[in-house]
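Chemist: Please find my_file-v5.cif (mmCIF, C-alpha atoms) on the next line:
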```cif
data_start
#
loop_
_atom_site.label_atom_id
_atom_site.label_comp_id
_atom_site.auth_asym_id
_atom_site.auth_seq_id
_atom_site.Cartn_x
_atom_site.Cartn_y
_atom_site.Cartn_z
CA MET S 1204 95.75 -69.62 145.43
CA VAL S 1205 94.67 -72.35 147.86
CA VAL S 1206 91.44 -72.90 145.97
CA TYR S 1207 93.12 -73.02 142.57
CA SER S 1208 95.95 -75.36 143.53
CA ALA S 1209 93.91 -77.61 145.83
CA ALA S 1210 92.13 -79.14 142.84
CA ILE S 1211 95.37 -80.48 141.32
CA PRO S 1212 95.56 -83.80 143.25
CA ILE S 1213 91.78 -84.29 142.98
CA LEU S 1214 91.36 -83.98 139.22
CA PRO S 1215 93.29 -87.17 138.29
CA GLU S 1216 91.01 -89.17 140.60
CA ILE S 1217 87.90 -87.68 139.05
CA VAL S 1218 89.10 -88.24 135.49
CA SER S 1219 90.27 -91.83 135.94
CA LYS S 1220 87.78 -93.24 138.45
CA ASP S 1221 84.61 -91.22 137.96
CA LEU S 1222 84.85 -90.56 134.23
CA GLY S 1223 86.99 -93.53 133.14
CA LEU S 1224 89.28 -91.41 130.97
CA THR S 1225 93.04 -91.31 130.43
CA SER S 1226 95.90 -89.24 131.79
CA THR S 1227 95.84 -87.23 128.58
CA HIS S 1228 92.39 -85.97 129.54
CA THR S 1229 93.78 -85.11 132.97
CA GLY S 1230 96.60 -83.11 131.40
CA VAL S 1231 94.18 -81.12 129.28
CA LEU S 1232 91.94 -80.50 132.29
CA VAL S 1233 94.84 -79.26 134.39
CA GLY S 1234 96.34 -77.16 131.60
CA ILE S 1235 93.20 -75.49 130.32
CA TYR S 1236 93.13 -73.48 133.52
CA ALA S 1237 96.18 -71.62 132.21
CA ALA S 1238 94.30 -70.67 129.03
CA GLY S 1239 91.66 -68.77 130.96
CA LEU S 1240 94.34 -67.22 133.15
CA LEU S 1241 96.55 -65.97 130.32
CA ILE S 1242 93.75 -64.70 128.09
CA PHE S 1243 91.89 -62.77 130.79
CA THR S 1244 94.83 -61.42 132.81
CA PRO S 1245 95.40 -58.39 130.52
CA ILE S 1246 91.64 -57.88 130.27
CA PHE S 1247 91.26 -57.62 134.03
CA GLY S 1248 94.33 -55.39 134.25
CA TYR S 1249 92.95 -52.93 131.71
CA TRP S 1250 89.42 -53.12 133.13
CA SER S 1251 90.55 -52.27 136.66
CA ASP S 1252 92.60 -49.33 135.33
CA TRP S 1253 89.70 -48.09 133.23
CA LEU S 1254 87.24 -48.31 136.14
CA GLY S 1255 89.61 -46.53 138.48
CA THR S 1256 88.73 -49.00 141.25
CA ARG S 1257 89.96 -52.49 142.08
CA LYS S 1258 87.03 -53.63 144.21
CA THR S 1259 84.57 -54.44 141.43
CA PRO S 1260 86.90 -56.75 139.41
CA VAL S 1261 87.97 -58.58 142.58
CA ILE S 1262 84.38 -59.07 143.72
CA MET S 1263 83.36 -60.36 140.29
CA SER S 1264 86.30 -62.77 140.32
CA LEU S 1265 85.44 -64.08 143.78
CA ILE S 1266 81.81 -64.61 142.78
CA ALA S 1267 82.97 -66.58 139.73
CA LEU S 1268 85.29 -68.63 141.93
CA CYS S 1269 82.45 -69.40 144.34
CA VAL S 1270 80.24 -70.49 141.44
CA THR S 1271 82.91 -72.82 140.05
CA SER S 1272 83.28 -74.48 143.46
CA ALA S 1273 79.55 -75.15 143.45
CA LEU S 1274 79.68 -76.47 139.87
CA TYR S 1275 82.24 -79.09 140.91
CA LEU S 1276 79.52 -80.63 143.08
CA VAL S 1277 77.07 -81.06 140.19
CA ALA S 1278 79.46 -81.75 137.28
CA THR S 1279 79.03 -85.20 135.72
CA GLU S 1280 80.58 -84.93 132.24
CA TYR S 1281 84.11 -84.20 131.13
CA TRP S 1282 83.12 -81.01 129.36
CA HIS S 1283 81.52 -79.80 132.60
CA TYR S 1284 84.90 -79.99 134.31
CA LEU S 1285 86.59 -78.30 131.35
CA LEU S 1286 84.18 -75.39 131.68
CA VAL S 1287 84.77 -75.18 135.41
CA ARG S 1288 88.54 -75.09 134.98
CA VAL S 1289 88.37 -72.35 132.33
CA VAL S 1290 86.20 -70.21 134.60
CA GLN S 1291 88.61 -70.89 137.46
CA GLY S 1292 91.43 -69.57 135.30
CA ILE S 1293 89.41 -66.45 134.49
CA ALA S 1294 88.71 -65.89 138.18
CA ALA S 1295 92.39 -66.36 138.99
CA ALA S 1296 93.27 -63.71 136.40
CA GLY S 1297 91.08 -61.21 138.21
CA ASN S 1298 92.09 -62.07 141.75
CA THR S 1299 95.86 -62.24 141.34
CA THR S 1300 96.33 -59.38 138.88
CA VAL S 1301 94.05 -56.90 140.59
CA SER S 1302 95.29 -57.85 144.06
CA PHE S 1303 98.86 -56.96 143.06
CA ALA S 1304 97.59 -53.70 141.57
CA LEU S 1305 95.64 -52.95 144.75
CA ALA S 1306 98.76 -53.37 146.85
CA GLY S 1307 100.50 -50.97 144.47
CA ASP S 1308 97.66 -48.46 144.92
CA VAL S 1309 97.73 -48.59 148.70
CA PHE S 1310 101.42 -48.58 149.64
CA PRO S 1311 103.76 -45.66 148.88
CA GLN S 1312 106.92 -46.41 146.94
CA SER S 1313 109.05 -46.41 150.07
CA GLN S 1314 107.02 -49.39 151.39
CA LEU S 1315 106.16 -51.10 148.12
CA GLY S 1316 109.00 -53.63 148.28
CA ALA S 1317 107.91 -54.96 151.68
CA ALA S 1318 104.27 -55.02 150.63
CA MET S 1319 105.00 -56.94 147.44
CA GLY S 1320 107.30 -59.31 149.30
CA VAL S 1321 104.47 -60.28 151.66
CA THR S 1322 101.94 -60.44 148.81
CA PHE S 1323 104.12 -62.69 146.66
CA THR S 1324 104.86 -64.87 149.69
CA GLY S 1325 101.14 -65.37 150.28
CA PHE S 1326 100.78 -66.16 146.59
CA SER S 1327 103.45 -68.85 146.88
CA LEU S 1328 102.16 -70.17 150.22
CA GLY S 1329 98.70 -70.75 148.77
CA SER S 1330 100.18 -72.69 145.88
CA MET S 1331 102.22 -74.77 148.32
CA VAL S 1332 99.56 -75.77 150.86
CA GLY S 1333 96.61 -76.03 148.45
CA PRO S 1334 97.34 -79.52 147.08
CA THR S 1335 97.90 -80.86 150.59
CA ILE S 1336 94.60 -79.46 151.85
CA GLY S 1337 92.70 -80.68 148.81
CA GLY S 1338 94.12 -84.19 149.02
CA LEU S 1339 93.52 -84.53 152.77
CA LEU S 1340 89.90 -83.38 152.52
CA TYR S 1341 89.19 -85.59 149.50
CA ASP S 1342 90.61 -88.75 151.07
CA GLY S 1343 89.91 -88.12 154.75
CA VAL S 1344 86.53 -86.40 154.83
CA GLY S 1345 84.79 -87.12 151.55
CA HIS S 1346 84.79 -86.41 147.84
CA ARG S 1347 82.50 -83.40 148.24
CA ALA S 1348 84.37 -81.91 151.20
CA PRO S 1349 87.08 -80.01 149.24
CA PHE S 1350 84.53 -78.15 147.13
CA VAL S 1351 82.42 -77.20 150.15
CA PHE S 1352 85.62 -75.93 151.75
CA PHE S 1353 86.42 -73.96 148.57
CA MET S 1354 83.03 -72.27 148.65
CA SER S 1355 83.31 -71.42 152.35
CA LEU S 1356 86.80 -69.96 152.01
CA THR S 1357 85.83 -67.94 148.95
CA ALA S 1358 82.64 -66.67 150.62
CA LEU S 1359 84.70 -65.46 153.60
CA ASN S 1360 87.10 -63.68 151.26
CA LEU S 1361 84.17 -62.12 149.42
CA LEU S 1362 82.68 -60.88 152.70
CA LEU S 1363 85.96 -59.26 153.66
CA ARG S 1364 86.17 -57.52 150.27
CA PHE S 1365 82.75 -55.95 150.90
CA VAL S 1366 83.70 -54.85 154.41
CA ILE S 1367 87.23 -53.55 153.87
CA ASP S 1368 87.52 -50.14 152.23
CA GLU S 1369 90.94 -49.35 150.81
CA THR S 1370 89.94 -45.85 149.60
CA PRO S 1371 91.47 -43.94 152.57
CA ALA S 1372 94.78 -45.77 152.13
CA CYS S 1373 94.80 -45.05 148.39
CA SER S 1374 94.07 -41.37 149.09
CA TYR S 1375 96.88 -41.29 151.62
CA LYS S 1376 99.33 -42.66 149.06
CA ARG S 1377 98.25 -40.06 146.50
CA ALA S 1378 98.76 -37.33 149.10
CA ILE S 1379 102.23 -38.66 149.96
CA THR S 1380 103.13 -38.82 146.28
CA ALA S 1381 101.87 -35.29 145.63
CA ALA S 1382 103.74 -33.91 148.64
CA GLY S 1383 107.07 -35.63 148.29
CA GLY S 1384 107.22 -37.03 144.77
CA ALA S 1385 107.10 -40.63 143.61
CA SER S 1386 110.39 -42.39 144.09
CA MET S 1387 111.76 -44.40 141.25
CA ASP S 1388 113.92 -46.39 143.62
CA ALA S 1389 113.88 -46.90 147.35
CA THR S 1390 116.87 -44.58 147.78
CA GLU S 1391 115.96 -42.02 145.11
CA VAL S 1392 113.01 -39.67 145.36
CA THR S 1393 112.00 -38.09 142.08
CA SER S 1394 109.81 -35.03 141.89
CA ALA S 1395 108.69 -35.79 138.36
CA PRO S 1396 105.11 -34.71 137.59
CA GLN S 1397 102.75 -37.55 136.83
CA SER S 1398 101.50 -38.06 133.32
CA SER S 1399 97.97 -38.80 132.22
CA THR S 1400 96.04 -41.26 134.37
CA SER S 1401 94.49 -42.86 131.28
CA PRO S 1402 95.57 -46.51 130.89
CA VAL S 1403 98.00 -47.28 128.10
CA SER S 1404 98.40 -50.48 126.10
CA LEU S 1405 100.45 -53.48 127.14
CA LEU S 1406 102.71 -52.94 124.12
CA THR S 1407 103.48 -49.39 125.24
CA LEU S 1408 104.50 -50.64 128.66
CA LEU S 1409 106.54 -53.53 127.29
CA LYS S 1410 108.66 -51.13 125.22
CA ALA S 1411 110.00 -49.59 128.42
CA ARG S 1412 113.25 -51.08 129.72
CA PRO S 1413 112.11 -51.46 133.37
CA ILE S 1414 109.11 -53.48 132.20
CA TRP S 1415 110.52 -55.82 129.55
CA LEU S 1416 113.71 -56.53 131.48
CA ASN S 1417 111.89 -57.39 134.70
CA THR S 1418 109.34 -59.41 132.74
CA LEU S 1419 112.18 -61.44 131.21
CA ALA S 1420 113.65 -61.97 134.68
CA VAL S 1421 110.34 -63.28 136.04
CA LEU S 1422 109.88 -65.60 133.06
CA VAL S 1423 113.37 -67.11 133.31
CA LEU S 1424 113.51 -67.39 137.10
CA GLY S 1425 110.02 -68.84 137.25
CA THR S 1426 111.02 -71.37 134.60
CA VAL S 1427 113.97 -72.51 136.73
CA ILE S 1428 111.85 -73.31 139.76
CA SER S 1429 108.80 -74.71 137.90
CA GLY S 1430 111.09 -76.82 135.73
CA LEU S 1431 111.82 -79.00 138.76
CA GLU S 1432 108.20 -80.18 139.05
CA PRO S 1433 108.36 -83.04 136.51
CA ILE S 1434 112.04 -83.99 136.89
CA LEU S 1435 112.79 -83.80 140.62
CA PRO S 1436 110.64 -86.83 141.62
CA PRO S 1437 112.25 -89.30 139.16
CA PHE S 1438 115.70 -87.93 139.99
CA LEU S 1439 115.15 -88.42 143.73
CA THR S 1440 113.72 -91.91 143.21
CA ALA S 1441 116.68 -92.94 141.06
CA LEU S 1442 119.22 -91.39 143.43
CA HIS S 1443 117.77 -92.17 146.86
CA GLY S 1444 115.01 -94.72 146.19
CA THR S 1445 112.33 -92.42 147.61
CA SER S 1446 108.58 -93.02 147.33
CA VAL S 1447 105.98 -90.81 145.70
CA ALA S 1448 104.88 -89.46 149.09
CA ALA S 1449 108.47 -88.70 150.12
CA ASN S 1450 109.12 -86.93 146.83
CA GLY S 1451 106.20 -84.64 147.56
CA LEU S 1452 107.77 -83.67 150.89
CA PHE S 1453 111.00 -82.68 149.12
CA PHE S 1454 109.10 -79.87 147.41
CA LEU S 1455 108.52 -78.32 150.84
CA ALA S 1456 112.25 -77.67 150.95
CA LEU S 1457 111.83 -75.54 147.83
CA SER S 1458 108.81 -73.66 149.19
CA VAL S 1459 109.21 -73.11 152.93
CA PRO S 1460 112.39 -70.95 152.89
CA GLY S 1461 110.68 -68.41 150.64
CA LEU S 1462 108.19 -67.64 153.42
CA VAL S 1463 111.10 -65.95 155.20
CA THR S 1464 113.34 -64.72 152.38
CA GLY S 1465 110.52 -63.22 150.28
CA PRO S 1466 109.45 -60.56 152.82
CA ILE S 1467 113.09 -59.91 153.73
CA ALA S 1468 113.87 -59.27 150.05
CA GLY S 1469 110.99 -56.81 149.91
CA HIS S 1470 112.29 -54.86 152.92
CA LEU S 1471 115.77 -54.80 151.39
CA CYS S 1472 114.32 -53.37 148.17
CA ASP S 1473 112.79 -50.51 150.16
CA ARG S 1474 116.07 -49.80 151.92
CA PHE S 1475 118.70 -50.33 149.22
CA GLY S 1476 116.73 -50.32 145.96
CA SER S 1477 115.58 -53.22 143.81
CA ARG S 1478 118.65 -53.54 141.58
CA PRO S 1479 121.25 -54.75 144.13
CA VAL S 1480 118.74 -57.16 145.64
CA ILE S 1481 117.79 -58.83 142.38
CA LEU S 1482 121.43 -58.99 141.24
CA PHE S 1483 122.35 -60.75 144.47
CA GLY S 1484 119.39 -63.11 144.03
CA ILE S 1485 120.32 -63.88 140.42
CA ILE S 1486 123.94 -64.62 141.33
CA ALA S 1487 122.74 -66.89 144.13
CA VAL S 1488 120.38 -68.77 141.76
CA ILE S 1489 123.22 -69.18 139.24
CA ALA S 1490 125.32 -70.81 141.95
CA ALA S 1491 122.54 -72.86 143.60
CA ALA S 1492 120.74 -74.34 140.57
CA PRO S 1493 123.53 -76.68 139.36
CA LEU S 1494 123.93 -78.08 142.90
CA ILE S 1495 120.56 -79.83 142.55
CA GLY S 1496 122.11 -82.24 140.06
CA LEU S 1497 124.88 -83.41 142.39
CA ARG S 1498 124.76 -87.12 143.16
CA VAL S 1499 125.23 -86.86 146.91
CA ASN S 1500 123.58 -88.26 150.06
CA MET S 1501 120.03 -87.32 151.00
CA ALA S 1502 121.01 -84.74 153.62
CA VAL S 1503 123.07 -82.75 151.13
CA THR S 1504 120.30 -83.02 148.52
CA ILE S 1505 117.86 -81.49 151.01
CA LEU S 1506 120.34 -78.69 151.75
CA THR S 1507 120.70 -77.86 148.05
CA LEU S 1508 116.90 -77.70 147.68
CA LEU S 1509 116.65 -75.47 150.75
CA LEU S 1510 119.31 -73.18 149.30
CA LEU S 1511 117.58 -72.83 145.94
CA GLY S 1512 114.22 -72.36 147.67
CA ALA S 1513 115.71 -69.59 149.79
CA VAL S 1514 117.42 -67.57 147.04
CA THR S 1515 114.74 -67.80 144.32
CA PRO S 1516 112.28 -65.43 146.09
CA ILE S 1517 115.13 -62.94 146.57
CA SER S 1518 115.42 -62.71 142.79
CA MET S 1519 111.69 -62.81 142.01
CA THR S 1520 110.38 -60.27 144.53
CA PRO S 1521 112.24 -57.11 143.31
CA PRO S 1522 110.57 -56.97 139.85
CA LEU S 1523 107.22 -56.22 141.51
CA PRO S 1524 108.20 -52.93 143.22
CA GLU S 1525 110.49 -52.04 140.28
CA MET S 1526 107.64 -52.34 137.77
CA GLY S 1527 105.18 -50.70 140.15
CA GLY S 1528 107.52 -47.79 140.74
CA TYR S 1529 107.85 -47.24 137.01
CA VAL S 1530 104.11 -46.87 136.37
CA ASP S 1531 103.68 -44.73 139.49
CA VAL S 1532 105.58 -41.93 137.75
CA THR S 1533 105.22 -42.52 134.02
CA HIS S 1534 101.77 -44.10 133.62
CA PRO S 1535 99.91 -43.88 136.95
CA GLY S 1536 96.68 -45.02 135.33
CA SER S 1537 98.16 -48.34 134.19
CA SER S 1538 99.18 -50.14 137.36
CA GLY S 1539 96.66 -52.90 136.66
CA GLN S 1540 98.24 -53.40 133.26
CA VAL S 1541 101.78 -53.67 134.57
CA TYR S 1542 100.85 -56.25 137.21
CA ALA S 1543 98.98 -58.12 134.50
CA ILE S 1544 102.28 -58.34 132.61
CA PHE S 1545 103.97 -59.74 135.72
CA ASN S 1546 101.18 -62.28 136.22
CA MET S 1547 101.31 -63.38 132.57
CA ALA S 1548 105.09 -63.82 132.73
CA TYR S 1549 104.85 -65.88 135.90
CA ALA S 1550 101.98 -68.00 134.55
CA SER S 1551 103.91 -68.58 131.31
CA SER S 1552 106.91 -69.77 133.29
CA LEU S 1553 104.73 -72.37 135.01
CA PHE S 1554 103.97 -73.80 131.56
CA VAL S 1555 107.35 -73.37 129.89
CA GLY S 1556 109.43 -74.70 132.78
CA PRO S 1557 108.03 -78.26 132.95
CA VAL S 1558 107.96 -78.64 129.16
CA VAL S 1559 111.57 -77.52 128.65
CA SER S 1560 112.97 -79.32 131.68
CA GLY S 1561 111.32 -82.60 130.72
CA ALA S 1562 113.05 -82.60 127.35
CA LEU S 1563 116.40 -81.48 128.80
CA TYR S 1564 116.27 -84.10 131.56
CA GLU S 1565 115.82 -86.91 129.06
CA ALA S 1566 118.70 -85.66 126.94
CA LEU S 1567 121.18 -84.34 129.51
CA GLY S 1568 120.11 -85.55 132.95
CA MET S 1569 119.51 -83.40 136.02
CA ALA S 1570 123.02 -81.88 136.09
CA GLY S 1571 122.88 -80.82 132.44
CA CYS S 1572 119.34 -79.47 132.73
CA MET S 1573 120.03 -77.34 135.81
CA GLY S 1574 123.36 -76.25 134.36
CA LEU S 1575 121.60 -74.84 131.29
CA PHE S 1576 119.01 -73.16 133.50
CA SER S 1577 121.87 -71.59 135.45
CA GLY S 1578 123.42 -70.32 132.22
CA LEU S 1579 120.11 -68.83 131.09
CA THR S 1580 119.79 -67.07 134.45
CA ALA S 1581 123.32 -65.70 133.97
CA VAL S 1582 122.23 -64.08 130.70
CA VAL S 1583 119.43 -62.28 132.54
CA GLY S 1584 121.88 -61.21 135.23
CA ILE S 1585 124.25 -59.73 132.66
CA LEU S 1586 121.41 -57.84 131.00
CA TYR S 1587 120.24 -56.54 134.35
CA ALA S 1588 123.76 -55.43 135.33
CA VAL S 1589 124.53 -53.74 132.00
CA LEU S 1590 121.20 -52.12 131.17
CA ASP S 1591 120.17 -51.06 134.72
CA PRO S 1592 116.36 -50.72 134.62
CA SER S 1593 116.41 -48.11 137.40
CA ARG S 1594 118.36 -45.85 135.01
CA GLY S 1595 115.53 -46.29 132.54
CA ASN S 1596 113.18 -45.15 135.28
CA ARG S 1597 115.18 -42.00 135.85
CA MET S 1598 115.28 -41.25 132.13
CA GLU S 1599 111.51 -41.62 131.93
CA ALA S 1600 111.17 -39.28 134.90
CA ASP S 1601 113.41 -36.69 133.21
CA ASP S 1602 111.33 -36.97 130.04
CA ALA S 1603 108.20 -36.42 132.09
CA LYS S 1604 109.77 -33.30 133.60
CA LYS S 1605 110.66 -31.96 130.14
CA ASP S 1606 107.18 -32.70 128.82
CA ALA S 1607 105.60 -30.92 131.76
CA ALA S 1608 107.94 -27.93 131.35
CA GLY S 1609 107.19 -27.79 127.64
CA ALA S 1610 103.47 -27.89 128.28
CA GLU S 1611 103.80 -25.08 130.82
CA GLU S 1612 105.78 -22.93 128.36
CA ALA S 1613 103.21 -23.57 125.63
CA GLN S 1614 100.42 -22.55 128.00
CA ILE S 1615 102.25 -19.33 128.92
CA SER S 1616 102.84 -18.56 125.23
CA ALA S 1617 99.19 -19.17 124.41
CA GLU S 1618 98.09 -16.87 127.22
CA ALA S 1619 100.50 -14.17 125.99
CA ILE S 1620 99.19 -14.44 122.41
CA SER S 1621 95.61 -14.26 123.64
CA PHE S 1622 96.41 -11.13 125.66
CA GLU S 1623 98.09 -9.46 122.65
CA ALA S 1624 95.11 -10.26 120.44
CA TYR S 1625 92.72 -8.85 123.03
CA PHE S 1626 94.82 -5.71 123.42
CA ALA S 1627 95.02 -5.16 119.61
CA ALA S 1628 91.28 -5.58 119.20
CA HIS S 1629 90.51 -3.28 122.11
CA TYR S 1630 92.95 -0.64 120.78
CA ARG S 1631 91.35 -0.67 117.31
CA SER S 1632 87.94 -0.13 118.82
#
```
Spell out the structure here as structure tokens.

Modeler:
Amino acid sequence: MVVYSAAIPILPEIVSKDLGLTSTHTGVLVGIYAAGLLIFTPIFGYWSDWLGTRKTPVIMSLIALCVTSALYLVATEYWHYLLVRVVQGIAAAGNTTVSFALAGDVFPQSQLGAAMGVTFTGFSLGSMVGPTIGGLLYDGVGHRAPFVFFMSLTALNLLLRFVIDETPACSYKRAITAAGGASMDATEVTSAPQSSTSPVSLLTLLKARPIWLNTLAVLVLGTVISGLEPILPPFLTALHGTSVAANGLFFLALSVPGLVTGPIAGHLCDRFGSRPVILFGIIAVIAAAPLIGLRVNMAVTILTLLLLGAVTPISMTPPLPEMGGYVDVTHPGSSGQVYAIFNMAYASSLFVGPVVSGALYEALGMAGCMGLFSGLTAVVGILYAVLDPSRGNRMEADDAKKDAAGAEEAQISAEAISFEAYFAAHYRS
């Protein structure tokens, strides 16, 4: 994520100074990255499931990312940069989606919450530090320095992907699952037999309650936090008279606490199950979001941002192990697909949040905007409390048991019929 986000502060400089174009062109250049990401995320998810290995898609994505970093150095026309950004989005689709799926392949269900907590924290950390690194290299070292750094970092990652072999860990997880059953929740171990390892469609997965409900939660919660991007700076400037540079530092208050609370939320999911953790996180977001709009002194404003930054990862981490646990039992050949759904929901929230919040801020101000976001989060919390996605998991597991029992009975009946036919034929002869 460092490489993807580090280009954000650089692109406006390139568009305005090097190409002599407008901020509209900058917006298109920044946004077209999302097009490649959203279109190719389900493709990479299905491809990695169909191949039965995650290494090839990740390697292809890293090679594409390395090539785009090199193309930045030779691009001279606007359409060159458009092409580079689209390919970057495609590469991001492969790296993020398949990396989540790889973590799901390696870690057993009892450790999946902690693993996803760390993975999502790294995902967020890269997004946080990337713009700072890109801006410092561009201004302090030279205009070509960020892209050389991108290539070097990607090449190192690519080397590690060739060296590290996750096959033994994946085999260990399969052995654990076969021996003890795949748990549908951290505190519930289910001995349900696994269904076909053939990947299923995104639509099939989205019909399942644990998938669509967690997808909705990711979309709404991601919208709350991304919605602050365009409206927090003008709010802080109007309230406290802060500068552009100071406003950028305020976003650290939203990001840094998650480095601690994200992994903790993952461990709690493993110990107590995902449902109580996400419900606690949702309630905390409902309470914390409206506080951002309070017209108070700067110290209290920072505290409210720290609070929201701390509780948001608690609500956004549990959907990963919850969705991963579902496919482990019901559709074990579709883990790439389910993490593609998560990635698409999160990417969509990054687009929807700023658009919606900008309009709400103009009409209602910060307090009204965050109040509505809090109300929308409450709707998700009510759905989560009433519908209970973990119950949907258990129902799917029971169905899988019945299907397996039915198949076994049918096989026994077929063998009995075959024996009777053989006996009748032998007797006639």

Chemist: Grab the atom CA of S:Ala1295 to atom CA of S:Ser1330 distance for me, in Å with one decimal place.

Modeler: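 Atom-to-atom, atom CA of S:Ala1295 and atom CA of S:Ser1330 are spaced 12.2 Å apart.
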
Chemist: Record the distance separating atom CA of S:Val1558 and atom CA of S:Met1573, expressed in Å with one decimal.

Modeler: 13.8 Å

Chemist: Of the candidates S:Leu1254, S:Gln1291, S:Leu1362, S:Leu1276, which one gets nearest to S:Leu1232 if we count only C-alpha atoms?

Modeler: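 Ranking S:Leu1254, S:Gln1291, S:Leu1362, S:Leu1276 by distance to S:Leu1232, first place goes to S:Gln1291.
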
Chemist: Have a look at atom CA of S:Ala1238 and atom CA of S:Val1423 and let me know their distance in Å, one decimal.

Modeler: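 Distance between the two atoms: 19.9 Å.
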
Chemist: Expand the PyMOL selection byres ((chain S and resi 1407) around 12) into the explicit residue set it covers here, and present it as an MDAnalysis selection string.

Modeler: chainID S and resid 1402:1406 1408:1412 1414:1415 1530 1533:1534 1537 1540:1541 1544

Chemist: Just give me the residues with any atom within 10 Å of (103.4, -65.1, 152.0), file coordinates, counting all atoms listed in the file, written as a PyMOL selection string.

Modeler: chain S and resi 1319-1329+1459+1461-1466

Chemist: Under the rule that all atoms listed in the file are counted, which of S:Thr1225, S:Thr1279, S:Gln1314, S:Thr1256 is the nearest residue to S:Phe1475?

Modeler: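 Closest residue, counting all atoms listed in the file: S:Gln1314.
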
Chemist: Would you pick out the contacts of stretch 1495-1505 of chain S at 9 Å or less, using all atoms listed in the file, so that residues sharing its chain but fewer than 5 positions from it are not included, and give the list as a PyMOL selection string?

Modeler: chain S and resi 1435+1438-1439+1442-1443+1453+1456+1510-1511+1568-1574

Chemist: Counting all atoms listed in the file, find the residues whose atoms lie at most 10 Å from (112.5, -82.7, 133.6) (file coordinates) and write them out as a PDB file with C-alpha atoms, keeping the file's coordinate frame.

Modeler:
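Result went into part-v4.pdb, see below:
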```pdb
ATOM      1  CA  SER S1429     108.800 -74.710 137.900  1.00  0.00           C
ATOM      2  CA  GLY S1430     111.090 -76.820 135.730  1.00  0.00           C
ATOM      3  CA  LEU S1431     111.820 -79.000 138.760  1.00  0.00           C
ATOM      4  CA  GLU S1432     108.200 -80.180 139.050  1.00  0.00           C
ATOM      5  CA  PRO S1433     108.360 -83.040 136.510  1.00  0.00           C
ATOM      6  CA  ILE S1434     112.040 -83.990 136.890  1.00  0.00           C
ATOM      7  CA  LEU S1435     112.790 -83.800 140.620  1.00  0.00           C
ATOM      8  CA  PRO S1436     110.640 -86.830 141.620  1.00  0.00           C
ATOM      9  CA  PRO S1437     112.250 -89.300 139.160  1.00  0.00           C
ATOM     10  CA  PHE S1438     115.700 -87.930 139.990  1.00  0.00           C
ATOM     11  CA  GLY S1556     109.430 -74.700 132.780  1.00  0.00           C
ATOM     12  CA  PRO S1557     108.030 -78.260 132.950  1.00  0.00           C
ATOM     13  CA  VAL S1558     107.960 -78.640 129.160  1.00  0.00           C
ATOM     14  CA  VAL S1559     111.570 -77.520 128.650  1.00  0.00           C
ATOM     15  CA  SER S1560     112.970 -79.320 131.680  1.00  0.00           C
ATOM     16  CA  GLY S1561     111.320 -82.600 130.720  1.00  0.00           C
ATOM     17  CA  ALA S1562     113.050 -82.600 127.350  1.00  0.00           C
ATOM     18  CA  LEU S1563     116.400 -81.480 128.800  1.00  0.00           C
ATOM     19  CA  TYR S1564     116.270 -84.100 131.560  1.00  0.00           C
ATOM     20  CA  GLU S1565     115.820 -86.910 129.060  1.00  0.00           C
ATOM     21  CA  ALA S1566     118.700 -85.660 126.940  1.00  0.00           C
ATOM     22  CA  LEU S1567     121.180 -84.340 129.510  1.00  0.00           C
ATOM     23  CA  GLY S1568     120.110 -85.550 132.950  1.00  0.00           C
ATOM     24  CA  MET S1569     119.510 -83.400 136.020  1.00  0.00           C
ATOM     25  CA  CYS S1572     119.340 -79.470 132.730  1.00  0.00           C
ATOM     26  CA  MET S1573     120.030 -77.340 135.810  1.00  0.00           C
TER      27      MET S1573
END
```
